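Working notes, structure below.
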Amino acid sequence: MNHQIREIKGLTARELGKPAYYFESVGSTNTWLKENGAKLPHGTLCWTGYQTSGRGRLGRVWHADAGRSLSMSLLFKPSYSAALLPLICGIAVSQALCMLTGRYYQIKWPNDIICRDLKICGILCENCLLPHGGYAVAGIGINLLQTGEEFKKRGLPNAGSVYMVSGRAPDMEHLVASIINKLEPLWQILNQDGFSALKSQYEKLCITVGREVSVLSPDGRLQRKGLAVGIAEDGSLLVDSGNGPIGVKAGEVSVRGPDGNLF
Ligand code: BTN
């Protein structure tokens, strides 16, 4: 759990990404930042190439074996809507990966990054509420070097890595800098003008909008089916089952294709 505090090369963002805590290995960058967030400044970054107890959305496990993937978390103070933060993180990751690998990455609502029908990246945003102003932690996990065989052995046939889809894997520190450089202006727009200013940008990248979806509760029970018609101002997915659009919240459900397939 030893860490170094060192500047990220190539970082042009002014607020986010500093100080930067680098760990050779850590249980979970989100957990570390949540535990230490009260005494750290807005923008603090925690990152590693080896996460031993990574956590995913809806209580799932996130695998991040040594040197195979990037795990990074950023601290946001004061706390910001955990529903909107993941959406702008998704835009930033998709833009950064596209810039560095020349492939087109899309977003499965709310924030899975998809390329060639494979999930390349997952994002977990968490809020810590305190009596005198809380904070939010945005965690990003990107599969970089894993092979299809490795994912199949783990029972994850829909997972993929940047290497699998592009034949290359960017340097981790370079990727960290690129993501944060993309994220900072999005964060500023979100604060100044609200999500309405970013909605169409998000919807263009989102593969879920315009598709038939099944809405499932975390235990896998089907809640309803319908057409995903857009994203609401609060980040909910608008699903129309025939009686007009109803908002679906990311923390409460997962979304599948009409036959239960991932997309
Ligand atoms: C998901 O798709 O379920 C979200 C996965 C989020 C994984 C990242 S890796 C960095 C941060 N630390 C964690 O323990 N989880 C997030």
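Within each chain, counting starts at residue 1; across the structure tokens, chains are named A, B, ... in the order shown, with ligands numbered 1 upward in that order.
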Using only C-alpha atoms, which residues sit within 10 Å of A:Lys119 once same-chain residues fewer than 5 positions away are excluded, as an mmCIF file with C-alpha atoms, in the first residue's frame?
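Result went into around.cif, see below:
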```cif
data_model
loop_
_atom_site.group_PDB
_atom_site.id
_atom_site.type_symbol
_atom_site.label_atom_id
_atom_site.label_comp_id
_atom_site.auth_asym_id
_atom_site.auth_seq_id
_atom_site.Cartn_x
_atom_site.Cartn_y
_atom_site.Cartn_z
ATOM 1 C CA TYR A 105 -15.591 4.173 -28.272
ATOM 2 C CA GLN A 106 -19.250 4.506 -27.330
ATOM 3 C CA ILE A 107 -21.088 4.599 -24.042
ATOM 4 C CA LYS A 108 -23.633 2.102 -22.811
ATOM 5 C CA ASP A 112 -19.756 1.466 -19.666
ATOM 6 C CA ILE A 113 -17.320 2.195 -22.465
ATOM 7 C CA ILE A 114 -17.865 -0.089 -25.425
ATOM 8 C CA ILE A 142 -9.871 0.490 -18.075
ATOM 9 C CA ASN A 143 -8.902 -2.922 -19.420
ATOM 10 C CA LEU A 156 -16.697 -12.422 -18.874
ATOM 11 C CA PRO A 157 -17.313 -13.028 -22.594
ATOM 12 C CA ASN A 158 -18.480 -9.437 -23.165
ATOM 13 C CA ALA A 159 -15.340 -7.842 -21.713
ATOM 14 C CA GLY A 160 -12.532 -6.579 -23.912
ATOM 15 C CA SER A 161 -9.309 -4.623 -23.614
ATOM 16 C CA VAL A 162 -7.908 -1.642 -25.476
ATOM 17 C CA LEU A 262 -25.498 -6.965 -22.748
ATOM 18 C CA PHE A 263 -26.127 -4.292 -25.377
#
```
### Query
A:Ile179: which residues within 7 Å, counting only C-alpha atoms, same-chain residues fewer than 3 positions away excluded, as a VMD selection string?
chain A and resid 92 to 93 96 175 to 176 182 to 183
Limited to N, CA and C atoms, could you put the picked residues into a file as a compact mmCIF listing (two decimals), in the first residue's frame?
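Okay, this is what ended up in result_8.txt:
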```txt
# COMPACT_ATOMS: atom_id res chain seq x y z
N ALA A 92 -15.39 11.69 -21.23
CA ALA A 92 -13.94 11.95 -21.20
C ALA A 92 -13.13 10.71 -21.57
N VAL A 93 -13.53 9.55 -21.03
CA VAL A 93 -12.79 8.31 -21.33
C VAL A 93 -12.93 7.97 -22.81
N ALA A 96 -10.72 10.33 -24.80
CA ALA A 96 -9.28 10.10 -24.60
C ALA A 96 -8.84 8.82 -25.32
N LEU A 175 -2.42 7.97 -20.56
CA LEU A 175 -3.88 7.80 -20.59
C LEU A 175 -4.53 8.55 -19.43
N VAL A 176 -3.93 8.45 -18.25
CA VAL A 176 -4.46 9.17 -17.08
C VAL A 176 -4.52 10.67 -17.41
N LYS A 182 -9.39 15.85 -20.64
CA LYS A 182 -10.71 15.90 -21.29
C LYS A 182 -11.81 16.16 -20.26
N LEU A 183 -11.62 15.60 -19.07
CA LEU A 183 -12.68 15.68 -18.06
C LEU A 183 -12.84 17.08 -17.47
```
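Residues in contact with ligand 1 (atom pairs separated by at most 7 Å; only C-alpha atoms and all ligand atoms) are Ser28, Thr29, Asn30, Thr31, Ser53, Gly54, Arg55, Gly56, Arg57, Leu58, Arg60, Trp62, Ser71, Met72, Ser73, Asp112, Cys121, Gly122, Ile123, Leu124, Gly139, Ile140 and Gly141 of chain A.
Of the residues listed (A:Lys77, A:His132, A:Val209, A:Leu198), A:Leu198 shows the shortest atom-to-atom separation from A:Pro185; distances use only C-alpha atoms.
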### helix (DSSP H, G or I) residues, from DSSP on the backbone, in stretch 23-251 of chain A, as a PyMOL selection string
chain A and resi 29-39+57-59+85-101+148-153+162-166+172-193+195-197+199-205
Residues at most 12 Å from stretch 4-14 of chain A, counting only C-alpha atoms, excluding those fewer than 5 positions away in the same chain, as a short mmCIF file (atom, residue, chain, number, x, y, z; two decimals) with N, CA, C and O atoms, in the first residue's frame?
```cif
data_model
loop_
_atom_site.label_atom_id
_atom_site.label_comp_id
_atom_site.auth_asym_id
_atom_site.auth_seq_id
_atom_site.Cartn_x
_atom_site.Cartn_y
_atom_site.Cartn_z
N PRO A 19 -3.12 16.78 -5.92
CA PRO A 19 -1.95 15.91 -5.97
C PRO A 19 -2.33 14.55 -6.55
O PRO A 19 -3.49 14.16 -6.54
N ALA A 20 -1.30 13.84 -7.04
CA ALA A 20 -1.53 12.52 -7.65
C ALA A 20 -0.83 11.45 -6.80
O ALA A 20 0.39 11.49 -6.67
N TYR A 21 -1.60 10.56 -6.25
CA TYR A 21 -1.07 9.46 -5.44
C TYR A 21 -0.98 8.23 -6.33
O TYR A 21 -2.00 7.73 -6.82
N TYR A 22 0.25 7.74 -6.52
CA TYR A 22 0.44 6.54 -7.32
C TYR A 22 0.75 5.35 -6.40
O TYR A 22 1.62 5.45 -5.54
N PHE A 23 0.05 4.26 -6.61
CA PHE A 23 0.28 3.03 -5.84
C PHE A 23 0.77 1.93 -6.77
O PHE A 23 0.17 1.73 -7.83
N GLU A 24 1.80 1.19 -6.34
CA GLU A 24 2.17 0.01 -7.14
C GLU A 24 1.03 -1.00 -7.08
O GLU A 24 0.70 -1.63 -8.07
N SER A 25 0.44 -1.13 -5.90
CA SER A 25 -0.81 -1.90 -5.80
C SER A 25 -1.63 -1.32 -4.65
O SER A 25 -1.07 -0.76 -3.70
N HIS A 42 -9.90 18.93 -3.29
CA HIS A 42 -10.63 18.70 -4.55
C HIS A 42 -9.63 18.43 -5.67
O HIS A 42 -8.60 19.10 -5.76
N GLY A 43 -9.92 17.45 -6.49
CA GLY A 43 -9.06 17.17 -7.65
C GLY A 43 -8.04 16.07 -7.41
O GLY A 43 -7.41 15.61 -8.36
N THR A 44 -7.88 15.64 -6.15
CA THR A 44 -6.86 14.61 -5.86
C THR A 44 -7.09 13.36 -6.71
O THR A 44 -8.23 12.91 -6.89
N LEU A 45 -5.99 12.81 -7.19
CA LEU A 45 -6.04 11.59 -8.00
C LEU A 45 -5.36 10.46 -7.25
O LEU A 45 -4.34 10.66 -6.59
N CYS A 46 -5.93 9.27 -7.36
CA CYS A 46 -5.29 8.06 -6.84
C CYS A 46 -5.29 7.07 -8.01
O CYS A 46 -6.34 6.83 -8.61
N TRP A 47 -4.12 6.51 -8.35
CA TRP A 47 -4.12 5.60 -9.50
C TRP A 47 -3.13 4.46 -9.34
O TRP A 47 -2.16 4.56 -8.56
N THR A 48 -3.37 3.37 -10.04
CA THR A 48 -2.53 2.18 -9.93
C THR A 48 -2.69 1.31 -11.17
O THR A 48 -3.68 1.41 -11.89
N ASP A 171 0.36 4.06 -22.95
CA ASP A 171 1.07 4.18 -21.68
C ASP A 171 0.06 4.66 -20.61
O ASP A 171 -0.73 5.57 -20.87
N MET A 172 0.11 4.03 -19.44
CA MET A 172 -0.92 4.32 -18.42
C MET A 172 -0.93 5.78 -17.99
O MET A 172 -1.99 6.39 -17.86
N GLU A 173 0.26 6.33 -17.77
CA GLU A 173 0.31 7.71 -17.27
C GLU A 173 -0.22 8.69 -18.34
O GLU A 173 -0.92 9.65 -18.04
N HIS A 174 0.13 8.40 -19.58
CA HIS A 174 -0.34 9.21 -20.70
C HIS A 174 -1.87 9.16 -20.77
O HIS A 174 -2.55 10.17 -20.99
N LEU A 175 -2.42 7.97 -20.56
CA LEU A 175 -3.88 7.80 -20.59
C LEU A 175 -4.53 8.55 -19.43
O LEU A 175 -5.55 9.22 -19.61
N VAL A 176 -3.93 8.45 -18.25
CA VAL A 176 -4.46 9.17 -17.08
C VAL A 176 -4.52 10.67 -17.41
O VAL A 176 -5.55 11.33 -17.20
N ALA A 177 -3.41 11.22 -17.93
CA ALA A 177 -3.36 12.65 -18.25
C ALA A 177 -4.43 13.01 -19.28
O ALA A 177 -5.15 14.01 -19.13
N SER A 178 -4.56 12.20 -20.32
CA SER A 178 -5.53 12.50 -21.38
C SER A 178 -6.96 12.51 -20.85
O SER A 178 -7.76 13.37 -21.21
N ILE A 179 -7.28 11.53 -20.01
CA ILE A 179 -8.64 11.46 -19.46
C ILE A 179 -8.92 12.71 -18.62
O ILE A 179 -9.97 13.37 -18.76
N ILE A 180 -7.98 13.06 -17.76
CA ILE A 180 -8.21 14.22 -16.88
C ILE A 180 -8.27 15.51 -17.70
O ILE A 180 -9.09 16.39 -17.43
N ASN A 181 -7.42 15.61 -18.71
CA ASN A 181 -7.45 16.82 -19.55
C ASN A 181 -8.78 16.97 -20.28
O ASN A 181 -9.25 18.07 -20.53
N LYS A 182 -9.39 15.85 -20.64
CA LYS A 182 -10.71 15.90 -21.29
C LYS A 182 -11.81 16.16 -20.26
O LYS A 182 -12.81 16.81 -20.55
N LEU A 183 -11.62 15.60 -19.07
CA LEU A 183 -12.68 15.68 -18.06
C LEU A 183 -12.84 17.08 -17.47
O LEU A 183 -13.97 17.53 -17.21
N GLU A 184 -11.74 17.77 -17.28
CA GLU A 184 -11.83 19.06 -16.58
C GLU A 184 -12.78 20.06 -17.27
O GLU A 184 -13.66 20.62 -16.61
N PRO A 185 -12.66 20.28 -18.59
CA PRO A 185 -13.62 21.23 -19.19
C PRO A 185 -15.07 20.74 -19.12
O PRO A 185 -15.99 21.55 -18.97
N LEU A 186 -15.27 19.43 -19.18
CA LEU A 186 -16.64 18.90 -19.07
C LEU A 186 -17.20 19.20 -17.68
O LEU A 186 -18.37 19.58 -17.51
N TRP A 187 -16.35 19.00 -16.70
CA TRP A 187 -16.73 19.27 -15.31
C TRP A 187 -17.08 20.74 -15.13
O TRP A 187 -18.06 21.10 -14.47
N GLN A 188 -16.29 21.61 -15.75
CA GLN A 188 -16.56 23.05 -15.62
C GLN A 188 -17.89 23.41 -16.29
O GLN A 188 -18.69 24.16 -15.75
#
```
### Summary
Of A:Val229, A:Leu118, A:Leu222, A:Leu75, the one sitting nearest A:Ser254 when using only C-alpha atoms is A:Leu222
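Note that atom CA of A:Gln201 and atom CA of A:Asp234 are 15.1 Å apart.
With atom CA of A:Tyr135 on one side and atom CA of A:Ala38 on the other, the separation reads 7.7 Å.
Atom pair atom CA of A:Leu145 / atom CA of A:Met99: separated by 17.8 Å.
Of the residues listed (A:Gly134, A:Gly17, A:Gly49, A:Gly67), A:Gly134 shows the shortest atom-to-atom separation from A:Lys34; distances use only C-alpha atoms.
Nearest residue to A:Gln223, choosing from A:Asp65, A:Thr208, A:Leu97, A:Val255 and counting only C-alpha atoms: A:Val255.
Using only C-alpha atoms for every distance, the candidate list A:Pro41, A:Gly27, A:Gly133, A:Gly90 yields A:Gly27 as the residue closest to A:His63.
Checking A:Asn191, A:Ser214, A:Arg256, A:Arg221 one by one against A:Asp240, counting only C-alpha atoms, you find the shortest gap at A:Ser214.
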